[in-house]
>>> print(open('entry_24.pdb').read())   # PDB, C-alpha atoms
ATOM      1  CA  MET A 256      13.176 -16.593 -12.294  1.00  0.00           C
ATOM      2  CA  GLU A 257      10.114 -18.268 -13.806  1.00  0.00           C
ATOM      3  CA  ALA A 258       8.351 -16.452 -16.630  1.00  0.00           C
ATOM      4  CA  ASP A 259       4.990 -16.228 -14.842  1.00  0.00           C
ATOM      5  CA  ILE A 260       6.638 -14.622 -11.805  1.00  0.00           C
ATOM      6  CA  PHE A 261       8.555 -12.187 -14.023  1.00  0.00           C
ATOM      7  CA  TRP A 262       5.431 -11.008 -15.835  1.00  0.00           C
ATOM      8  CA  GLU A 263       3.399 -10.847 -12.621  1.00  0.00           C
ATOM      9  CA  LYS A 264       6.006  -8.504 -11.131  1.00  0.00           C
ATOM     10  CA  VAL A 265       5.965  -6.389 -14.301  1.00  0.00           C
ATOM     11  CA  ASN A 266       2.171  -6.171 -14.238  1.00  0.00           C
ATOM     12  CA  LYS A 267       2.070  -5.196 -10.550  1.00  0.00           C
ATOM     13  CA  LYS A 268       4.632  -2.458 -11.069  1.00  0.00           C
ATOM     14  CA  LEU A 269       2.815  -1.087 -14.119  1.00  0.00           C
ATOM     15  CA  LEU A 270      -0.418  -0.972 -12.130  1.00  0.00           C
ATOM     16  CA  SER A 271       1.265   0.857  -9.254  1.00  0.00           C
ATOM     17  CA  ILE A 272       2.619   3.593 -11.567  1.00  0.00           C
ATOM     18  CA  ASP A 273      -0.549   3.761 -13.693  1.00  0.00           C
ATOM     19  CA  LYS A 274       1.197   2.725 -16.912  1.00  0.00           C
ATOM     20  CA  THR A 275       0.265   0.196 -19.601  1.00  0.00           C
ATOM     21  CA  LYS A 276       2.138  -2.580 -21.374  1.00  0.00           C
ATOM     22  CA  GLU A 277       1.938  -0.480 -24.539  1.00  0.00           C
ATOM     23  CA  TRP A 278       3.797   2.293 -22.703  1.00  0.00           C
ATOM     24  CA  LEU A 279       6.439  -0.183 -21.567  1.00  0.00           C
ATOM     25  CA  CYS A 280       6.936  -1.546 -25.077  1.00  0.00           C
ATOM     26  CA  ASP A 281       7.419   1.966 -26.446  1.00  0.00           C
ATOM     27  CA  LYS A 282       9.837   2.742 -23.634  1.00  0.00           C
ATOM     28  CA  VAL A 283      12.101  -0.237 -24.254  1.00  0.00           C
ATOM     29  CA  GLY A 284      11.602  -0.699 -28.008  1.00  0.00           C
ATOM     30  CA  ILE A 285       9.857  -4.086 -27.872  1.00  0.00           C
ATOM     31  CA  ASN A 286       7.026  -5.084 -30.220  1.00  0.00           C
ATOM     32  CA  TYR A 287       3.756  -5.157 -28.258  1.00  0.00           C
ATOM     33  CA  GLY A 288       2.457  -8.237 -30.060  1.00  0.00           C
ATOM     34  CA  SER A 289       5.679 -10.089 -29.275  1.00  0.00           C
ATOM     35  CA  MET A 290       5.362  -9.207 -25.584  1.00  0.00           C
ATOM     36  CA  ARG A 291       1.739 -10.357 -25.494  1.00  0.00           C
ATOM     37  CA  ASN A 292       2.704 -13.684 -27.068  1.00  0.00           C
ATOM     38  CA  LYS A 293       5.482 -14.240 -24.526  1.00  0.00           C
ATOM     39  CA  ILE A 294       3.096 -13.490 -21.650  1.00  0.00           C
ATOM     40  CA  HIS A 295       0.362 -15.718 -23.094  1.00  0.00           C
ATOM     41  CA  MET A 296       2.768 -18.611 -23.745  1.00  0.00           C
ATOM     42  CA  GLY A 297       4.611 -18.231 -20.444  1.00  0.00           C
ATOM     43  CA  ARG A 298       7.953 -17.371 -22.003  1.00  0.00           C
ATOM     44  CA  MET A 299      10.661 -15.095 -20.656  1.00  0.00           C
ATOM     45  CA  PRO A 300      11.930 -12.199 -22.763  1.00  0.00           C
ATOM     46  CA  SER A 301      15.532 -12.333 -23.915  1.00  0.00           C
ATOM     47  CA  PHE A 302      18.156 -11.295 -21.357  1.00  0.00           C
ATOM     48  CA  ASP A 303      18.650  -7.923 -23.051  1.00  0.00           C
ATOM     49  CA  GLU A 304      14.887  -7.319 -23.213  1.00  0.00           C
ATOM     50  CA  ALA A 305      14.462  -8.304 -19.564  1.00  0.00           C
ATOM     51  CA  MET A 306      17.175  -5.897 -18.447  1.00  0.00           C
ATOM     52  CA  LYS A 307      15.604  -3.072 -20.475  1.00  0.00           C
ATOM     53  CA  ILE A 308      12.201  -3.789 -18.922  1.00  0.00           C
ATOM     54  CA  ILE A 309      13.626  -3.887 -15.408  1.00  0.00           C
ATOM     55  CA  LYS A 310      15.490  -0.609 -15.959  1.00  0.00           C
ATOM     56  CA  ALA A 311      12.425   1.100 -17.495  1.00  0.00           C
ATOM     57  CA  LEU A 312      10.415   0.177 -14.400  1.00  0.00           C
ATOM     58  CA  GLY A 313      13.023   1.857 -12.191  1.00  0.00           C
ATOM     59  CA  PHE A 314      14.592  -1.273 -10.705  1.00  0.00           C
ATOM     60  CA  THR A 315      18.013  -2.753 -10.328  1.00  0.00           C
ATOM     61  CA  MET A 316      18.100  -6.516 -10.868  1.00  0.00           C
ATOM     62  CA  GLU A 317      18.262  -7.023  -7.101  1.00  0.00           C
ATOM     63  CA  GLY A 318      15.353  -4.675  -6.492  1.00  0.00           C
ATOM     64  CA  PHE A 319      13.221  -6.395  -9.129  1.00  0.00           C
ATOM     65  CA  GLU A 320      13.927  -9.821  -7.632  1.00  0.00           C
ATOM     66  CA  ALA A 321      12.785  -8.532  -4.215  1.00  0.00           C
ATOM     67  CA  TYR A 322       9.651  -6.829  -5.581  1.00  0.00           C
ATOM     68  CA  PRO A 323       6.865  -6.661  -4.452  1.00  0.00           C
ATOM     69  CA  GLU A 324       7.967  -7.790  -0.979  1.00  0.00           C
ATOM     70  CA  ALA A 325      10.401  -4.881  -0.667  1.00  0.00           C
ATOM     71  CA  ALA A 326       7.810  -2.443  -1.968  1.00  0.00           C
ATOM     72  CA  GLN A 327       4.987  -3.340   0.368  1.00  0.00           C
ATOM     73  CA  THR A 328       6.131  -0.875   3.008  1.00  0.00           C
ATOM     74  CA  ASP A 329       5.756   1.867   0.372  1.00  0.00           C
ATOM     75  CA  THR A 330       2.060   1.260  -0.243  1.00  0.00           C
ATOM     76  CA  LEU A 331      -1.161   2.248   1.467  1.00  0.00           C
ATOM     77  CA  THR A 332      -4.260   0.043   1.377  1.00  0.00           C
ATOM     78  CA  ILE A 333      -7.632   1.782   1.094  1.00  0.00           C
ATOM     79  CA  PRO A 334     -11.254   0.647   0.677  1.00  0.00           C
ATOM     80  CA  VAL A 335     -13.120   0.635  -2.633  1.00  0.00           C
ATOM     81  CA  TYR A 336     -16.775   1.422  -2.013  1.00  0.00           C
ATOM     82  CA  GLU A 337     -19.779  -0.075  -3.742  1.00  0.00           C
ATOM     83  CA  GLN A 338     -20.896   3.429  -4.735  1.00  0.00           C
ATOM     84  CA  ALA A 339     -19.894   4.367  -8.286  1.00  0.00           C
ATOM     85  CA  TYR A 340     -19.396   7.972  -9.383  1.00  0.00           C
ATOM     86  CA  SER A 341     -20.897   8.899 -12.705  1.00  0.00           C
ATOM     87  CA  ALA A 342     -19.054  10.410 -15.617  1.00  0.00           C
ATOM     88  CA  GLY A 343     -22.442  10.665 -17.285  1.00  0.00           C
ATOM     89  CA  LYS A 344     -25.986  11.072 -15.984  1.00  0.00           C
ATOM     90  CA  GLY A 345     -25.379  10.518 -12.268  1.00  0.00           C
ATOM     91  CA  GLN A 346     -25.247   7.587  -9.867  1.00  0.00           C
ATOM     92  CA  PHE A 347     -27.578   7.188  -6.899  1.00  0.00           C
ATOM     93  CA  VAL A 348     -25.728   7.697  -3.632  1.00  0.00           C
ATOM     94  CA  PRO A 349     -26.808   5.297  -0.860  1.00  0.00           C
ATOM     95  CA  GLU A 350     -26.468   6.479   2.721  1.00  0.00           C
ATOM     96  CA  ASP A 351     -24.241   3.555   3.675  1.00  0.00           C
ATOM     97  CA  ALA A 352     -22.101   2.297   0.795  1.00  0.00           C
ATOM     98  CA  GLU A 353     -20.414  -1.041   1.435  1.00  0.00           C
ATOM     99  CA  VAL A 354     -16.727  -1.798   0.975  1.00  0.00           C
ATOM    100  CA  ILE A 355     -16.359  -4.256  -1.905  1.00  0.00           C
ATOM    101  CA  GLU A 356     -12.554  -4.588  -2.029  1.00  0.00           C
ATOM    102  CA  TYR A 357      -9.279  -3.040  -0.929  1.00  0.00           C
ATOM    103  CA  ILE A 358      -6.543  -1.707  -3.181  1.00  0.00           C
ATOM    104  CA  ALA A 359      -2.951  -0.582  -2.686  1.00  0.00           C
ATOM    105  CA  VAL A 360      -2.057   2.982  -3.647  1.00  0.00           C
ATOM    106  CA  PRO A 361       1.343   4.651  -4.097  1.00  0.00           C
ATOM    107  CA  ALA A 362       3.446   5.867  -1.202  1.00  0.00           C
ATOM    108  CA  ASP A 363       3.162   9.513  -2.231  1.00  0.00           C
ATOM    109  CA  LEU A 364      -0.477   9.430  -1.100  1.00  0.00           C
ATOM    110  CA  LYS A 365       0.407   8.284   2.416  1.00  0.00           C
ATOM    111  CA  HIS A 366       0.023  11.739   3.895  1.00  0.00           C
ATOM    112  CA  TYR A 367      -3.730  11.528   3.131  1.00  0.00           C
ATOM    113  CA  ALA A 368      -3.910   8.221   5.061  1.00  0.00           C
ATOM    114  CA  ASP A 369      -7.436   7.632   6.430  1.00  0.00           C
ATOM    115  CA  LYS A 370      -8.877  10.480   4.341  1.00  0.00           C
ATOM    116  CA  LEU A 371      -8.737   8.417   1.130  1.00  0.00           C
ATOM    117  CA  MET A 372     -11.327   6.189  -0.493  1.00  0.00           C
ATOM    118  CA  ALA A 373     -11.907   4.724  -3.940  1.00  0.00           C
ATOM    119  CA  ALA A 374     -14.856   4.075  -6.228  1.00  0.00           C
ATOM    120  CA  TYR A 375     -15.609   3.084  -9.798  1.00  0.00           C
ATOM    121  CA  VAL A 376     -16.299   5.474 -12.667  1.00  0.00           C
ATOM    122  CA  ARG A 377     -19.442   4.922 -14.717  1.00  0.00           C
ATOM    123  CA  GLY A 378     -20.142   6.604 -18.051  1.00  0.00           C
ATOM    124  CA  ASP A 379     -18.181   8.474 -20.712  1.00  0.00           C
ATOM    125  CA  SER A 380     -18.528  12.184 -19.893  1.00  0.00           C
ATOM    126  CA  MET A 381     -14.963  12.465 -18.541  1.00  0.00           C
ATOM    127  CA  GLU A 382     -13.255  10.789 -21.498  1.00  0.00           C
ATOM    128  CA  PRO A 383     -10.430  10.900 -22.458  1.00  0.00           C
ATOM    129  CA  THR A 384      -9.313  11.593 -18.873  1.00  0.00           C
ATOM    130  CA  LEU A 385     -11.443   8.944 -17.156  1.00  0.00           C
ATOM    131  CA  TYR A 386     -13.102   5.895 -18.682  1.00  0.00           C
ATOM    132  CA  ASP A 387     -15.999   3.693 -17.661  1.00  0.00           C
ATOM    133  CA  GLY A 388     -14.647   1.069 -15.247  1.00  0.00           C
ATOM    134  CA  ASP A 389     -11.696   3.142 -14.026  1.00  0.00           C
ATOM    135  CA  ARG A 390     -11.178   3.414 -10.279  1.00  0.00           C
ATOM    136  CA  ILE A 391     -10.716   6.873  -8.829  1.00  0.00           C
ATOM    137  CA  ILE A 392      -8.923   7.470  -5.546  1.00  0.00           C
ATOM    138  CA  PHE A 393     -10.155  10.621  -3.862  1.00  0.00           C
ATOM    139  CA  ASP A 394     -10.040  12.296  -0.469  1.00  0.00           C
ATOM    140  CA  ASN A 395     -13.013  13.259   1.685  1.00  0.00           C
ATOM    141  CA  MET A 396     -11.847  16.804   2.406  1.00  0.00           C
ATOM    142  CA  GLY A 397     -14.219  18.682   0.118  1.00  0.00           C
ATOM    143  CA  PHE A 398     -13.093  21.464  -2.203  1.00  0.00           C
ATOM    144  CA  ASP A 399      -9.446  22.367  -1.575  1.00  0.00           C
ATOM    145  CA  GLY A 400      -9.597  25.786  -3.226  1.00  0.00           C
ATOM    146  CA  ASP A 401      -7.953  24.708  -6.485  1.00  0.00           C
ATOM    147  CA  ASP A 402      -9.504  23.727  -9.797  1.00  0.00           C
ATOM    148  CA  GLY A 403      -9.318  20.017 -10.575  1.00  0.00           C
ATOM    149  CA  ILE A 404     -11.283  16.768 -10.797  1.00  0.00           C
ATOM    150  CA  TYR A 405     -13.546  16.062  -7.841  1.00  0.00           C
ATOM    151  CA  ALA A 406     -16.108  13.547  -6.622  1.00  0.00           C
ATOM    152  CA  ILE A 407     -19.309  15.531  -6.070  1.00  0.00           C
ATOM    153  CA  ILE A 408     -22.943  15.099  -5.081  1.00  0.00           C
ATOM    154  CA  PHE A 409     -25.247  16.964  -7.452  1.00  0.00           C
ATOM    155  CA  ASN A 410     -29.045  16.795  -7.151  1.00  0.00           C
ATOM    156  CA  GLY A 411     -28.735  13.676  -5.009  1.00  0.00           C
ATOM    157  CA  SER A 412     -26.493  11.737  -7.413  1.00  0.00           C
ATOM    158  CA  GLY A 413     -22.770  11.067  -7.384  1.00  0.00           C
ATOM    159  CA  PHE A 414     -20.596  12.446 -10.176  1.00  0.00           C
ATOM    160  CA  VAL A 415     -16.922  12.808 -10.958  1.00  0.00           C
ATOM    161  CA  LYS A 416     -16.349  16.120 -12.726  1.00  0.00           C
ATOM    162  CA  ARG A 417     -13.818  18.852 -13.295  1.00  0.00           C
ATOM    163  CA  LEU A 418     -14.558  21.891 -11.112  1.00  0.00           C
ATOM    164  CA  GLN A 419     -13.510  25.406 -12.005  1.00  0.00           C
ATOM    165  CA  ARG A 420     -14.080  28.224  -9.540  1.00  0.00           C
ATOM    166  CA  GLY A 421     -15.445  31.444 -11.021  1.00  0.00           C
ATOM    167  CA  ASN A 422     -16.502  34.771  -9.534  1.00  0.00           C
ATOM    168  CA  GLY A 423     -19.391  33.711  -7.326  1.00  0.00           C
ATOM    169  CA  TYR A 424     -20.026  30.371  -8.992  1.00  0.00           C
ATOM    170  CA  VAL A 425     -18.558  26.919  -9.645  1.00  0.00           C
ATOM    171  CA  LYS A 426     -18.442  25.540 -13.183  1.00  0.00           C
ATOM    172  CA  ILE A 427     -19.009  21.769 -13.389  1.00  0.00           C
ATOM    173  CA  ILE A 428     -17.172  20.532 -16.488  1.00  0.00           C
ATOM    174  CA  SER A 429     -17.143  17.257 -18.408  1.00  0.00           C
ATOM    175  CA  ASP A 430     -13.895  16.602 -20.300  1.00  0.00           C
ATOM    176  CA  ASN A 431     -15.974  14.973 -23.044  1.00  0.00           C
ATOM    177  CA  LYS A 432     -17.016  17.966 -25.169  1.00  0.00           C
ATOM    178  CA  ALA A 433     -20.303  16.241 -26.040  1.00  0.00           C
ATOM    179  CA  TYR A 434     -21.530  17.246 -22.571  1.00  0.00           C
ATOM    180  CA  GLU A 435     -22.352  20.859 -21.780  1.00  0.00           C
ATOM    181  CA  PRO A 436     -20.834  22.420 -18.640  1.00  0.00           C
ATOM    182  CA  MET A 437     -23.094  23.329 -15.725  1.00  0.00           C
ATOM    183  CA  GLU A 438     -22.856  26.124 -13.179  1.00  0.00           C
ATOM    184  CA  GLU A 439     -23.758  26.312  -9.499  1.00  0.00           C
ATOM    185  CA  PRO A 440     -23.556  29.366  -7.217  1.00  0.00           C
ATOM    186  CA  GLY A 441     -21.683  27.299  -4.624  1.00  0.00           C
ATOM    187  CA  GLU A 442     -22.203  24.384  -2.266  1.00  0.00           C
ATOM    188  CA  SER A 443     -25.839  23.953  -1.250  1.00  0.00           C
ATOM    189  CA  ASP A 444     -28.449  21.280  -0.545  1.00  0.00           C
ATOM    190  CA  ASN A 445     -28.253  20.369  -4.249  1.00  0.00           C
ATOM    191  CA  PHE A 446     -24.481  20.496  -4.688  1.00  0.00           C
ATOM    192  CA  SER A 447     -21.631  19.397  -2.427  1.00  0.00           C
ATOM    193  CA  VAL A 448     -18.033  18.358  -2.963  1.00  0.00           C
ATOM    194  CA  VAL A 449     -16.914  15.034  -1.491  1.00  0.00           C
ATOM    195  CA  GLY A 450     -13.231  15.485  -2.272  1.00  0.00           C
ATOM    196  CA  LYS A 451     -10.520  15.796  -4.880  1.00  0.00           C
ATOM    197  CA  VAL A 452      -9.427  12.924  -7.131  1.00  0.00           C
ATOM    198  CA  ARG A 453      -5.801  12.196  -6.258  1.00  0.00           C
ATOM    199  CA  TYR A 454      -5.081   9.117  -8.378  1.00  0.00           C
ATOM    200  CA  VAL A 455      -6.662   7.024 -11.127  1.00  0.00           C
ATOM    201  CA  LEU A 456      -6.336   3.316 -11.837  1.00  0.00           C
ATOM    202  CA  HIS A 457      -7.230   2.860 -15.487  1.00  0.00           C
ATOM    203  CA  LYS A 458      -9.028  -0.249 -16.647  1.00  0.00           C
ATOM    204  CA  MET A 459      -6.721  -2.362 -18.855  1.00  0.00           C
TER
END
>>> encode(input="entry_24.pdb", output="structure tokens")
Amino acid sequence: MEADIFWEKVNKKLLSIDKTKEWLCDKVGINYGSMRNKIHMGRMPSFDEAMKIIKALGFTMEGFEAYPEAAQTDTLTIPVYEQAYSAGKGQFVPEDAEVIEYIAVPADLKHYADKLMAAYVRGDSMEPTLYDGDRIIFDNMGFDGDDGIYAIIFNGSGFVKRLQRGNGYVKIISDNKAYEPMEEPGESDNFSVVGKVRYVLHKM
């Protein structure tokens, strides 16, 4: 197998499981700088390193050689909309957001099927959970009754925030402690829940 194909397969698998190269290096005991140099120079890892990488990613050698062709049936493709959701001061929500790309998401989200969409995060108010430039994958089913991270419309702008249900109110929380939480009595003309965030693709 050529080095560029090997590293492309590794990168695709890491993206699909929302892990980084740093995580992989820690997992298999390889120096991160050494891995970066091999990728940059188009060199294969040693045989032992390659087998450790393949095993850490959950493959047999045969499965890795077949990937991603064998894995395509285990993915769902969804649209990424032009609309960004703010982890900060709010993003204007157009009535008709355009699809700007499509992305593949893991098989365990298949049961949401056509109820899923994706958008970009803007701002820092949800750090360290979400970062500017991350892509969030969320459903369009509104509040599901459980606390969690949701895409919401608040005062006409789109946000991604942590929601916590209280007695007669909803607390709108930023994970970044520099931002004060807000409270709303419930869904209204000023506040509505688009859906729950089900998956995050972090910007590398």
>>> residues_around(input="entry_24.pdb", residues="range 304-320 of chain A", least_positions_apart="4", cutoff="8 Å", atoms="all atoms listed in the file", output="list in words")
Lys264, Val265, Lys268, Leu269, Leu279, Lys282, Val283, Ile285, Met299, Pro300 and Ala325 of chain A
>>> residues_around(input="entry_24.pdb", residues="Glu263 in chain A", least_positions_apart="2", cutoff="12 Å", atoms="only C-alpha atoms", output="JSON list (two decimals) with C-alpha atoms, in the frame of the given file")
[["chain", "number", "residue", "atom", "x", "y", "z"],
["A", 256, "MET", "CA", 13.18, -16.59, -12.29],
["A", 257, "GLU", "CA", 10.11, -18.27, -13.81],
["A", 258, "ALA", "CA", 8.35, -16.45, -16.63],
["A", 259, "ASP", "CA", 4.99, -16.23, -14.84],
["A", 260, "ILE", "CA", 6.64, -14.62, -11.80],
["A", 261, "PHE", "CA", 8.56, -12.19, -14.02],
["A", 265, "VAL", "CA", 5.96, -6.39, -14.30],
["A", 266, "ASN", "CA", 2.17, -6.17, -14.24],
["A", 267, "LYS", "CA", 2.07, -5.20, -10.55],
["A", 268, "LYS", "CA", 4.63, -2.46, -11.07],
["A", 269, "LEU", "CA", 2.82, -1.09, -14.12],
["A", 270, "LEU", "CA", -0.42, -0.97, -12.13],
["A", 294, "ILE", "CA", 3.10, -13.49, -21.65],
["A", 295, "HIS", "CA", 0.36, -15.72, -23.09],
["A", 297, "GLY", "CA", 4.61, -18.23, -20.44],
["A", 299, "MET", "CA", 10.66, -15.10, -20.66],
["A", 319, "PHE", "CA", 13.22, -6.40, -9.13],
["A", 320, "GLU", "CA", 13.93, -9.82, -7.63],
["A", 322, "TYR", "CA", 9.65, -6.83, -5.58],
["A", 323, "PRO", "CA", 6.86, -6.66, -4.45]]
>>> resolve_selection(input="entry_24.pdb", expression="the PyMOL selection byres ((chain A and resi 341) around 12)", output="PyMOL selection string")
chain A and resi 338-340+342-348+374-382+385-391+405-409+411-416+429
>>> write_last_selection(input="entry_24.pdb", atoms="C-alpha atoms", output="CSV table (one decimal), in the coordinates of the input")
chain,number,residue,atom,x,y,z
A,338,GLN,CA,-20.9,3.4,-4.7
A,339,ALA,CA,-19.9,4.4,-8.3
A,340,TYR,CA,-19.4,8.0,-9.4
A,342,ALA,CA,-19.1,10.4,-15.6
A,343,GLY,CA,-22.4,10.7,-17.3
A,344,LYS,CA,-26.0,11.1,-16.0
A,345,GLY,CA,-25.4,10.5,-12.3
A,346,GLN,CA,-25.2,7.6,-9.9
A,347,PHE,CA,-27.6,7.2,-6.9
A,348,VAL,CA,-25.7,7.7,-3.6
A,374,ALA,CA,-14.9,4.1,-6.2
A,375,TYR,CA,-15.6,3.1,-9.8
A,376,VAL,CA,-16.3,5.5,-12.7
A,377,ARG,CA,-19.4,4.9,-14.7
A,378,GLY,CA,-20.1,6.6,-18.1
A,379,ASP,CA,-18.2,8.5,-20.7
A,380,SER,CA,-18.5,12.2,-19.9
A,381,MET,CA,-15.0,12.5,-18.5
A,382,GLU,CA,-13.3,10.8,-21.5
A,385,LEU,CA,-11.4,8.9,-17.2
A,386,TYR,CA,-13.1,5.9,-18.7
A,387,ASP,CA,-16.0,3.7,-17.7
A,388,GLY,CA,-14.6,1.1,-15.2
A,389,ASP,CA,-11.7,3.1,-14.0
A,390,ARG,CA,-11.2,3.4,-10.3
A,391,ILE,CA,-10.7,6.9,-8.8
A,405,TYR,CA,-13.5,16.1,-7.8
A,406,ALA,CA,-16.1,13.5,-6.6
A,407,ILE,CA,-19.3,15.5,-6.1
A,408,ILE,CA,-22.9,15.1,-5.1
A,409,PHE,CA,-25.2,17.0,-7.5
A,411,GLY,CA,-28.7,13.7,-5.0
A,412,SER,CA,-26.5,11.7,-7.4
A,413,GLY,CA,-22.8,11.1,-7.4
A,414,PHE,CA,-20.6,12.4,-10.2
A,415,VAL,CA,-16.9,12.8,-11.0
A,416,LYS,CA,-16.3,16.1,-12.7
A,429,SER,CA,-17.1,17.3,-18.4
>>> atom_distance(input="entry_24.pdb", atom1="CA of Ala359 in chain A", atom2="CA of Met290 in chain A")
25.8 Å
>>> residues_around(input="entry_24.pdb", residues="Asn395 in chain A", least_positions_apart="2", cutoff="12 Å", atoms="all atoms listed in the file", output="list in words")
Tyr367, Ala368, Asp369, Lys370, Leu371, Met372, Ala373, Ile392, Phe393, Gly397, Phe398, Asp399, Tyr405, Ala406, Ile407, Ser447, Val448, Val449, Gly450, Lys451, Val452 and Arg453 of chain A
>>> atom_distance(input="entry_24.pdb", atom1="CA of Gly284 in chain A", atom2="CA of Arg298 in chain A")
18.1 Å
>>> atom_distance(input="entry_24.pdb", atom1="CA of Tyr424 in chain A", atom2="CA of Met437 in chain A")
10.2 Å
>>> closest_residue(input="entry_24.pdb", among="A:Ile404, A:Ile427, A:Ile333, A:Ala321", to="Thr384 in chain A", atoms="only C-alpha atoms")
A:Ile404
>>> build_atoms(input="entry_24.pdb", residues="range 314-321 of chain A", atoms="all heavy atoms", output="PDB file, keeping the file's coordinate frame")
ATOM      1  N   PHE A 314      13.986  -0.298 -11.600  1.00  0.00           N
ATOM      2  CA  PHE A 314      14.592  -1.273 -10.705  1.00  0.00           C
ATOM      3  C   PHE A 314      16.055  -1.542 -11.066  1.00  0.00           C
ATOM      4  O   PHE A 314      16.448  -1.397 -12.223  1.00  0.00           O
ATOM      5  CB  PHE A 314      13.869  -2.615 -10.781  1.00  0.00           C
ATOM      6  CG  PHE A 314      12.498  -2.636 -10.178  1.00  0.00           C
ATOM      7  CD1 PHE A 314      11.373  -2.771 -10.979  1.00  0.00           C
ATOM      8  CD2 PHE A 314      12.327  -2.535  -8.811  1.00  0.00           C
ATOM      9  CE1 PHE A 314      10.108  -2.808 -10.434  1.00  0.00           C
ATOM     10  CE2 PHE A 314      11.066  -2.582  -8.248  1.00  0.00           C
ATOM     11  CZ  PHE A 314       9.948  -2.719  -9.067  1.00  0.00           C
ATOM     12  N   THR A 315      16.806  -1.973 -10.079  1.00  0.00           N
ATOM     13  CA  THR A 315      18.013  -2.753 -10.328  1.00  0.00           C
ATOM     14  C   THR A 315      17.571  -4.212 -10.393  1.00  0.00           C
ATOM     15  O   THR A 315      16.435  -4.545 -10.051  1.00  0.00           O
ATOM     16  CB  THR A 315      19.027  -2.586  -9.191  1.00  0.00           C
ATOM     17  OG1 THR A 315      18.423  -3.087  -7.969  1.00  0.00           O
ATOM     18  CG2 THR A 315      19.415  -1.125  -9.000  1.00  0.00           C
ATOM     19  N   MET A 316      18.452  -5.098 -10.819  1.00  0.00           N
ATOM     20  CA  MET A 316      18.100  -6.516 -10.868  1.00  0.00           C
ATOM     21  C   MET A 316      17.741  -7.019  -9.480  1.00  0.00           C
ATOM     22  O   MET A 316      16.780  -7.769  -9.301  1.00  0.00           O
ATOM     23  CB  MET A 316      19.271  -7.329 -11.442  1.00  0.00           C
ATOM     24  CG  MET A 316      18.924  -8.785 -11.702  1.00  0.00           C
ATOM     25  SD  MET A 316      17.561  -8.946 -12.892  1.00  0.00           S
ATOM     26  CE  MET A 316      17.362 -10.720 -12.946  1.00  0.00           C
ATOM     27  N   GLU A 317      18.511  -6.576  -8.476  1.00  0.00           N
ATOM     28  CA  GLU A 317      18.262  -7.023  -7.101  1.00  0.00           C
ATOM     29  C   GLU A 317      16.912  -6.501  -6.601  1.00  0.00           C
ATOM     30  O   GLU A 317      16.157  -7.222  -5.933  1.00  0.00           O
ATOM     31  CB  GLU A 317      19.384  -6.546  -6.171  1.00  0.00           C
ATOM     32  CG  GLU A 317      20.735  -7.201  -6.422  1.00  0.00           C
ATOM     33  CD  GLU A 317      21.447  -6.615  -7.637  1.00  0.00           C
ATOM     34  OE1 GLU A 317      21.012  -5.552  -8.160  1.00  0.00           O
ATOM     35  OE2 GLU A 317      22.444  -7.224  -8.080  1.00  0.00           O
ATOM     36  N   GLY A 318      16.623  -5.253  -6.922  1.00  0.00           N
ATOM     37  CA  GLY A 318      15.353  -4.675  -6.492  1.00  0.00           C
ATOM     38  C   GLY A 318      14.167  -5.356  -7.143  1.00  0.00           C
ATOM     39  O   GLY A 318      13.129  -5.572  -6.504  1.00  0.00           O
ATOM     40  N   PHE A 319      14.305  -5.716  -8.432  1.00  0.00           N
ATOM     41  CA  PHE A 319      13.221  -6.395  -9.129  1.00  0.00           C
ATOM     42  C   PHE A 319      12.989  -7.783  -8.548  1.00  0.00           C
ATOM     43  O   PHE A 319      11.843  -8.223  -8.401  1.00  0.00           O
ATOM     44  CB  PHE A 319      13.550  -6.496 -10.621  1.00  0.00           C
ATOM     45  CG  PHE A 319      12.442  -7.086 -11.448  1.00  0.00           C
ATOM     46  CD1 PHE A 319      11.318  -6.336 -11.753  1.00  0.00           C
ATOM     47  CD2 PHE A 319      12.525  -8.390 -11.917  1.00  0.00           C
ATOM     48  CE1 PHE A 319      10.292  -6.875 -12.518  1.00  0.00           C
ATOM     49  CE2 PHE A 319      11.509  -8.937 -12.684  1.00  0.00           C
ATOM     50  CZ  PHE A 319      10.385  -8.173 -12.991  1.00  0.00           C
ATOM     51  N   GLU A 320      14.070  -8.483  -8.217  1.00  0.00           N
ATOM     52  CA  GLU A 320      13.927  -9.821  -7.632  1.00  0.00           C
ATOM     53  C   GLU A 320      13.205  -9.756  -6.285  1.00  0.00           C
ATOM     54  O   GLU A 320      12.458 -10.665  -5.928  1.00  0.00           O
ATOM     55  CB  GLU A 320      15.296 -10.475  -7.476  1.00  0.00           C
ATOM     56  CG  GLU A 320      15.922 -10.907  -8.801  1.00  0.00           C
ATOM     57  CD  GLU A 320      17.310 -11.490  -8.632  1.00  0.00           C
ATOM     58  OE1 GLU A 320      17.906 -11.290  -7.553  1.00  0.00           O
ATOM     59  OE2 GLU A 320      17.797 -12.142  -9.586  1.00  0.00           O
ATOM     60  N   ALA A 321      13.410  -8.660  -5.531  1.00  0.00           N
ATOM     61  CA  ALA A 321      12.785  -8.532  -4.215  1.00  0.00           C
ATOM     62  C   ALA A 321      11.344  -8.028  -4.308  1.00  0.00           C
ATOM     63  O   ALA A 321      10.562  -8.208  -3.374  1.00  0.00           O
ATOM     64  CB  ALA A 321      13.597  -7.578  -3.336  1.00  0.00           C
TER      65      ALA A 321
END
